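Below is the file coords_5.tsv, which contains TSV, C-alpha atoms and all ligand atoms.
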chain	number	residue	atom	x	y	z
V	1	MET	CA	-18.67	76.76	-5.78
V	2	GLU	CA	-20.48	80.04	-5.17
V	3	THR	CA	-22.91	80.04	-2.22
V	4	THR	CA	-26.06	81.03	-4.13
V	5	ILE	CA	-25.41	78.44	-6.86
V	6	ARG	CA	-24.84	75.79	-4.19
V	7	GLN	CA	-28.09	76.74	-2.46
V	8	ASN	CA	-30.02	76.59	-5.74
V	9	ILE	CA	-28.66	73.13	-6.56
V	10	PHE	CA	-29.43	71.94	-3.03
V	11	GLU	CA	-33.05	73.13	-3.17
V	12	ASN	CA	-33.62	71.37	-6.52
V	13	ALA	CA	-31.89	68.18	-5.39
V	14	LYS	CA	-34.02	68.11	-2.24
V	15	LYS	CA	-37.22	68.61	-4.24
V	16	TRP	CA	-36.28	65.79	-6.63
V	17	VAL	CA	-35.31	63.43	-3.80
V	18	TYR	CA	-38.69	63.88	-2.10
V	19	GLU	CA	-40.46	63.43	-5.43
V	20	ALA	CA	-38.45	60.29	-6.25
V	21	GLY	CA	-39.13	58.90	-2.77
V	22	LYS	CA	-42.87	59.38	-3.24
V	23	ARG	CA	-42.69	57.63	-6.64
V	24	ILE	CA	-40.80	54.70	-5.10
V	25	ARG	CA	-43.37	54.33	-2.31
V	26	GLU	CA	-46.15	54.29	-4.93
V	27	GLN	CA	-44.35	51.97	-7.37
V	28	MET	CA	-43.54	49.40	-4.69
V	29	GLN	CA	-47.25	48.89	-3.98
V	30	HIS	CA	-47.44	47.02	-7.30
V	31	GLU	CA	-45.51	44.03	-8.54
V	32	PHE	CA	-42.15	44.97	-10.05
V	33	GLN	CA	-39.46	43.22	-12.03
V	34	ILE	CA	-36.35	41.98	-10.18
V	35	ASN	CA	-33.16	41.01	-12.06
V	36	THR	CA	-29.67	39.96	-11.03
V	37	LYS	CA	-26.43	41.64	-12.12
V	38	SER	CA	-22.89	40.37	-11.38
V	39	ASN	CA	-24.13	37.37	-9.33
V	40	VAL	CA	-27.38	35.83	-8.04
V	41	ASN	CA	-27.35	38.02	-4.92
V	42	ASP	CA	-26.60	41.27	-6.76
V	43	LEU	CA	-30.13	42.58	-7.33
V	44	VAL	CA	-31.58	45.36	-9.42
V	45	THR	CA	-35.23	46.23	-10.02
V	46	GLU	CA	-37.04	48.27	-12.61
V	47	ILE	CA	-37.62	50.82	-9.82
V	48	ASP	CA	-33.85	51.29	-9.33
V	49	ARG	CA	-33.58	52.02	-13.04
V	50	SER	CA	-36.60	54.28	-13.39
V	51	THR	CA	-35.57	56.29	-10.32
V	52	GLU	CA	-32.06	56.84	-11.68
V	53	GLN	CA	-33.53	57.84	-15.05
V	54	PHE	CA	-35.81	60.33	-13.29
V	55	PHE	CA	-32.78	62.03	-11.66
V	56	ALA	CA	-30.74	61.96	-14.87
V	57	ASN	CA	-33.57	63.63	-16.80
V	58	GLN	CA	-34.05	66.35	-14.18
V	59	ILE	CA	-30.34	67.10	-13.92
V	60	ARG	CA	-29.71	67.16	-17.68
V	61	THR	CA	-32.68	69.48	-18.25
V	62	THR	CA	-31.83	71.90	-15.43
V	63	TYR	CA	-28.02	71.73	-15.38
V	64	PRO	CA	-26.84	70.64	-18.85
V	65	SER	CA	-23.16	71.26	-18.01
V	66	HIS	CA	-23.18	68.92	-14.97
V	67	TYR	CA	-22.01	65.28	-15.06
V	68	ILE	CA	-23.44	62.15	-13.45
V	69	ILE	CA	-21.74	59.11	-11.89
V	70	SER	CA	-24.39	56.49	-11.10
V	71	GLU	CA	-25.03	52.80	-10.61
V	72	GLU	CA	-27.62	51.79	-13.17
V	73	GLY	CA	-26.20	53.08	-16.46
V	74	PHE	CA	-27.86	56.48	-17.01
V	75	GLY	CA	-24.73	58.40	-16.01
V	76	ASP	CA	-21.72	59.68	-17.96
V	77	LYS	CA	-18.34	58.14	-18.64
V	78	ILE	CA	-16.11	60.10	-16.25
V	79	ASN	CA	-12.30	60.07	-16.19
V	80	ASP	CA	-11.66	62.82	-13.65
V	81	MET	CA	-13.48	64.89	-11.03
V	82	ASN	CA	-13.36	68.21	-12.90
V	83	GLY	CA	-16.60	70.21	-13.10
V	84	THR	CA	-19.81	69.58	-11.17
V	85	ILE	CA	-20.58	65.90	-10.71
V	86	TRP	CA	-23.66	64.28	-9.20
V	87	ILE	CA	-22.84	60.88	-7.66
V	88	ILE	CA	-26.13	58.99	-7.46
V	89	ASP	CA	-27.42	55.73	-6.11
V	90	PRO	CA	-31.19	55.66	-6.80
V	91	ILE	CA	-31.68	52.82	-4.29
V	92	ASP	CA	-28.86	52.00	-1.89
V	93	GLY	CA	-29.68	48.72	-0.19
V	94	THR	CA	-31.56	47.05	-3.04
V	95	MET	CA	-31.55	43.72	-1.21
V	96	ASN	CA	-33.34	45.41	1.71
V	97	PHE	CA	-35.71	47.08	-0.76
V	98	VAL	CA	-36.64	43.71	-2.32
V	99	HIS	CA	-36.73	41.53	0.80
V	100	GLN	CA	-37.65	43.90	3.61
V	101	LYS	CA	-39.43	46.75	1.84
V	102	ARG	CA	-37.55	49.12	4.16
V	103	ASN	CA	-34.02	50.11	5.23
V	104	PHE	CA	-32.96	51.52	1.86
V	105	ALA	CA	-32.07	55.04	0.77
V	106	ILE	CA	-31.65	57.41	-2.13
V	107	SER	CA	-28.06	58.70	-2.02
V	108	ILE	CA	-26.84	61.83	-3.80
V	109	GLY	CA	-23.46	63.51	-3.35
V	110	ILE	CA	-22.60	66.59	-5.42
V	111	TYR	CA	-18.94	67.44	-6.04
V	112	HIS	CA	-17.32	70.47	-7.66
V	113	ASN	CA	-13.76	69.96	-8.91
V	114	GLY	CA	-13.42	67.04	-6.50
V	115	VAL	CA	-14.71	68.89	-3.44
V	116	GLY	CA	-17.88	67.56	-1.76
V	117	GLU	CA	-20.47	70.37	-1.75
V	118	ILE	CA	-23.87	68.79	-1.07
V	119	ALA	CA	-25.12	65.50	0.34
V	120	LEU	CA	-28.60	64.00	0.58
V	121	ILE	CA	-29.43	60.55	1.97
V	122	TYR	CA	-33.15	59.82	2.09
V	123	ASN	CA	-34.55	56.89	4.07
V	124	VAL	CA	-37.60	56.52	1.84
V	125	ILE	CA	-39.86	54.47	4.13
V	126	ASP	CA	-39.04	56.24	7.41
V	127	ASP	CA	-39.24	59.60	5.59
V	128	VAL	CA	-35.97	60.74	7.17
V	129	LEU	CA	-33.75	63.00	5.07
V	130	TYR	CA	-30.10	63.52	6.01
V	131	THR	CA	-28.52	66.54	4.34
V	132	ALA	CA	-25.24	68.41	4.39
V	133	ILE	CA	-23.94	71.52	2.68
V	134	LYS	CA	-20.22	72.25	2.70
V	135	GLY	CA	-19.28	74.36	5.72
V	136	GLU	CA	-22.86	74.49	7.01
V	137	GLY	CA	-23.02	71.25	8.98
V	138	ALA	CA	-25.24	68.20	8.63
V	139	TYR	CA	-28.93	67.74	9.36
V	140	ARG	CA	-31.40	64.94	10.10
V	141	ASN	CA	-34.62	66.40	8.75
V	142	ARG	CA	-34.68	69.86	10.40
V	143	ASP	CA	-32.39	68.97	13.28
V	144	ARG	CA	-28.74	69.92	13.09
V	145	LEU	CA	-26.44	67.02	13.97
V	146	PRO	CA	-23.86	67.80	16.66
V	147	GLN	CA	-20.13	67.41	16.00
V	148	LEU	CA	-18.91	63.91	16.86
V	149	LYS	CA	-17.72	63.45	20.46
V	150	GLN	CA	-13.95	63.44	20.84
V	151	ASP	CA	-13.63	61.13	23.86
V	152	VAL	CA	-14.83	57.97	22.10
V	153	GLN	CA	-12.95	54.71	22.64
V	154	LEU	CA	-13.01	51.50	20.65
V	155	GLU	CA	-14.12	49.48	23.68
V	156	THR	CA	-17.34	51.50	23.95
V	157	SER	CA	-17.92	51.84	20.19
V	158	ILE	CA	-20.49	50.19	17.94
V	159	LEU	CA	-19.09	49.26	14.50
V	160	ALA	CA	-21.06	48.55	11.34
V	161	MET	CA	-19.59	45.81	9.16
V	162	ASN	CA	-20.82	43.31	6.61
V	163	SER	CA	-20.20	39.73	5.59
V	164	LEU	CA	-17.61	40.62	2.96
V	165	PHE	CA	-15.04	40.09	5.72
V	166	ALA	CA	-16.13	36.45	5.84
V	167	CYS	CA	-16.53	36.10	2.06
V	168	GLU	CA	-13.25	37.75	1.13
V	169	ASN	CA	-11.12	36.58	4.02
V	170	ARG	CA	-8.26	35.82	1.64
V	171	ARG	CA	-7.55	39.55	1.50
V	172	VAL	CA	-7.33	40.47	5.17
V	173	ASN	CA	-6.20	38.68	8.30
V	174	GLU	CA	-9.52	37.37	9.61
V	175	LYS	CA	-8.12	36.67	13.10
V	176	LYS	CA	-7.52	40.41	13.53
V	177	ILE	CA	-11.02	41.23	12.27
V	178	GLN	CA	-12.38	38.70	14.78
V	179	GLN	CA	-10.41	40.49	17.50
V	180	LEU	CA	-11.88	43.83	16.38
V	181	ILE	CA	-15.37	42.35	16.75
V	182	ILE	CA	-14.45	41.06	20.24
V	183	ASP	CA	-12.82	44.29	21.39
V	184	CYS	CA	-15.54	46.75	20.37
V	185	ARG	CA	-18.82	47.01	22.26
V	186	GLY	CA	-20.97	45.62	19.45
V	187	THR	CA	-21.41	45.27	15.69
V	188	ARG	CA	-24.31	46.04	13.36
V	189	SER	CA	-25.01	45.33	9.71
V	190	TYR	CA	-27.71	47.49	8.17
V	191	GLY	CA	-27.28	46.55	4.50
V	192	SER	CA	-27.31	50.10	3.12
V	193	ALA	CA	-23.94	51.82	3.01
V	194	ALA	CA	-25.56	55.24	2.68
V	195	LEU	CA	-27.58	54.70	5.86
V	196	GLU	CA	-24.52	53.34	7.64
V	197	PHE	CA	-22.67	56.57	6.81
V	198	ALA	CA	-25.70	58.54	8.00
V	199	TYR	CA	-25.66	56.67	11.32
V	200	VAL	CA	-21.94	57.45	11.77
V	201	ALA	CA	-22.76	61.12	11.11
V	202	GLU	CA	-25.61	60.93	13.62
V	203	GLY	CA	-23.22	59.45	16.19
V	204	ILE	CA	-25.40	56.37	16.80
V	205	ILE	CA	-22.59	54.15	15.52
V	206	ASP	CA	-18.92	55.08	15.65
V	207	ALA	CA	-17.51	53.48	12.49
V	208	TYR	CA	-18.47	51.63	9.33
V	209	VAL	CA	-15.80	49.39	7.87
V	210	THR	CA	-16.10	47.44	4.64
V	211	LEU	CA	-13.96	45.80	1.96
V	212	ARG	CA	-15.72	47.08	-1.14
V	213	LEU	CA	-17.90	50.05	-1.94
V	214	SER	CA	-18.61	51.83	-5.21
V	215	PRO	CA	-18.49	55.64	-5.45
V	216	TRP	CA	-22.30	55.89	-5.46
V	217	ASP	CA	-22.40	53.97	-2.16
V	218	PHE	CA	-20.23	56.55	-0.33
V	219	GLY	CA	-20.38	59.78	-2.41
V	220	ALA	CA	-23.02	61.42	-0.22
V	221	GLY	CA	-22.04	59.74	3.03
V	222	LEU	CA	-18.48	61.02	2.94
V	223	ILE	CA	-19.70	64.65	2.84
V	224	LEU	CA	-22.27	64.09	5.60
V	225	VAL	CA	-19.69	62.49	7.90
V	226	ARG	CA	-17.10	65.19	7.14
V	227	GLU	CA	-19.55	67.92	8.15
V	228	VAL	CA	-19.76	66.56	11.71
V	229	GLY	CA	-15.99	66.14	12.02
V	230	GLY	CA	-15.78	62.49	10.92
V	231	GLU	CA	-13.37	60.98	8.43
V	232	THR	CA	-13.59	58.62	5.47
V	233	ILE	CA	-10.51	56.82	4.09
V	234	GLN	CA	-9.47	53.56	2.48
V	235	LEU	CA	-8.36	50.74	4.76
V	236	ASP	CA	-4.72	51.34	3.78
V	237	GLY	CA	-5.12	54.90	5.11
V	238	LYS	CA	-5.15	56.57	1.67
V	239	PRO	CA	-7.83	59.04	0.55
V	240	VAL	CA	-10.78	57.51	-1.30
V	241	ASN	CA	-10.89	57.43	-5.10
V	242	PHE	CA	-14.23	58.47	-6.62
V	243	LEU	CA	-13.55	56.76	-9.95
V	244	GLN	CA	-13.29	53.16	-8.70
V	245	ASN	CA	-14.32	50.73	-5.95
V	246	ASN	CA	-12.69	51.29	-2.55
V	247	THR	CA	-12.18	49.62	0.77
V	248	ILE	CA	-13.74	52.04	3.27
V	249	LEU	CA	-13.40	53.14	6.87
V	250	THR	CA	-15.69	55.98	7.87
V	251	CYS	CA	-15.54	56.84	11.53
V	252	ASN	CA	-15.11	59.08	14.47
V	253	PRO	CA	-11.44	60.18	14.12
V	254	ALA	CA	-10.86	59.22	17.76
V	255	ILE	CA	-10.83	55.50	16.82
V	256	ARG	CA	-9.44	55.68	13.27
V	257	GLN	CA	-5.77	54.96	13.98
V	258	ARG	CA	-6.52	52.19	16.45
V	259	ILE	CA	-8.66	50.34	13.88
V	260	LEU	CA	-6.12	50.72	11.06
V	261	THR	CA	-3.04	49.89	13.11
V	262	ASP	CA	-4.29	47.13	15.41
V	263	TYR	CA	-6.85	45.30	13.29
V	264	ILE	CA	-6.29	45.72	9.53
V	265	GLU	CA	-3.56	43.47	8.18
V	266	TRP	CA	-3.37	42.59	4.50
V	267	LYS	CA	-2.39	39.09	3.47
D	301	LIG	P1	-26.59	48.55	-3.39
D	301	LIG	O1	-27.74	48.07	-2.63
D	301	LIG	O2	-26.83	49.88	-4.04
D	301	LIG	O3	-26.06	47.54	-4.36
D	301	LIG	C1	-24.57	46.30	1.33
D	301	LIG	O4	-23.68	45.89	2.31
D	301	LIG	C2	-24.09	47.64	0.77
D	301	LIG	O5	-23.01	47.41	-0.17
D	301	LIG	C3	-25.15	48.37	-0.01
D	301	LIG	O6	-24.93	49.75	0.13
D	301	LIG	C4	-24.94	47.91	-1.44
D	301	LIG	O7	-25.39	48.86	-2.36
D	301	LIG	C5	-23.43	47.77	-1.49
D	301	LIG	N1	-22.99	46.73	-2.40
D	301	LIG	C6	-23.59	45.56	-2.65
D	301	LIG	N2	-22.87	44.82	-3.54
D	301	LIG	C7	-21.77	45.56	-3.85
D	301	LIG	C8	-20.65	45.36	-4.72
D	301	LIG	N3	-20.50	44.25	-5.44
D	301	LIG	N4	-19.71	46.34	-4.80
D	301	LIG	C9	-19.87	47.47	-4.08
D	301	LIG	N5	-20.91	47.72	-3.24
D	301	LIG	C10	-21.85	46.78	-3.12
D	302	CA	CA	-28.01	50.81	-5.74
Please render this file's structure as structure tokens.
Ligand code: 2AM
Ligand code: CA
Amino acid sequence: METTIRQNIFENAKKWVYEAGKRIREQMQHEFQINTKSNVNDLVTEIDRSTEQFFANQIRTTYPSHYIISEEGFGDKINDMNGTIWIIDPIDGTMNFVHQKRNFAISIGIYHNGVGEIALIYNVIDDVLYTAIKGEGAYRNRDRLPQLKQDVQLETSILAMNSLFACENRRVNEKKIQQLIIDCRGTRSYGSAALEFAYVAEGIIDAYVTLRLSPWDFGAGLILVREVGGETIQLDGKPVNFLQNNTILTCNPAIRQRILTDYIEWK
């Protein structure tokens, strides 16, 4: 993608993210409708939907040739990564949004022919915007994030995980996951994949490992982490697939092989 086009898209995306964040903060002052999707704990609100519709309208008006992959149904049916594709989660961490009224994010990753060009992850309540542009590094608001340290070890690392390892323990050897939890310095579970990627990029955690994420959960985060020298792969070591759900390890490369080799064993 040409630099000036990339910059133009970034400026618009940033403007829309701030605008959407302001709308969410206003809308959540009033009562809003909450529904369930695939199961009783899989939540969606009218604010998730209206926010996604807001982005879809802006993108289709300004960039009619672009495509959208998104969670709440306003996107396109995509079979490959050709062209310019916006991967959008209007609210990542909907359970946090509903229960905690904080710790959720707008997540937007923009890809051109499969290459990650632009990432924005906006912590709406804290008003913290993480951004990345291909080849230009990653930022937390106006501050450039340093490259990840290379001398990191598992024993002094903090890992983000979630309860899927307990719920879906038929898939992986849970004894080895238990050992991973014992061997690292500590674990965290923030409940928003986008923010967990942002924290890996910021270097305040060293890895995020999970059994199932959708493309809109990691589309932006993968670019952000890449721009500080981090890596995102599936738990079998293969590259991620943007057209389906994935197992995910995003981390400081210094601890990648150790996690995959010593602690991930499929049943
Ligand atoms: P969401 O809030 O947009 O649904 C919680 O651990 C993280 O996993 C959140 O980023 C959440 O995104 C995502 N998530 C929740 N349920 C999921 C599912 N069934 N498949 C994939 N990702 C899911
Ligand atoms: Ca969502």
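When atom CA of Arg102 of chain V is paired with atom CA of Ile125 of chain V, their separation reads 5.8 Å.
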Output the neighbourhood of ligand LIG 301 (chain D) as an MDAnalysis selection string, that is, all protein and nucleic acid residues with some atom at most 8 Å from the ligand, counting only C-alpha atoms and all ligand atoms.
chainID V and resid 38 42:44 71 89:96 104 161:163 189:194 212:214 216:217 245
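Proximity ranking of V:Asp262, V:Glu72, V:Glu19, V:Asp151 relative to ligand CA 302 (chain D) places V:Glu72 first, based on all atoms listed in the file.
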Under the rule that only C-alpha atoms and all ligand atoms are counted, which of V:Lys37, V:Arg142, V:His30, V:Arg23 is the nearest residue to ligand CA 302 (chain D)?
V:Lys37
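Nearest residue to Ser65 of chain V, choosing from V:Arg144, V:Lys101, V:His112, V:Lys22 and counting all atoms listed in the file: V:His112.
Nearest to Ser70 of chain V of all the residues V:Thr261, V:Thr36, V:Gln244, V:Gln147 is V:Gln244, counting only C-alpha atoms.
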With distances taken over only C-alpha atoms and all ligand atoms, which of V:Pro215, V:Pro239, V:Pro64, V:Pro146 is nearest to ligand CA 302 (chain D)?
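The shortest atom-to-atom distance to ligand CA 302 (chain D) comes from V:Pro215.
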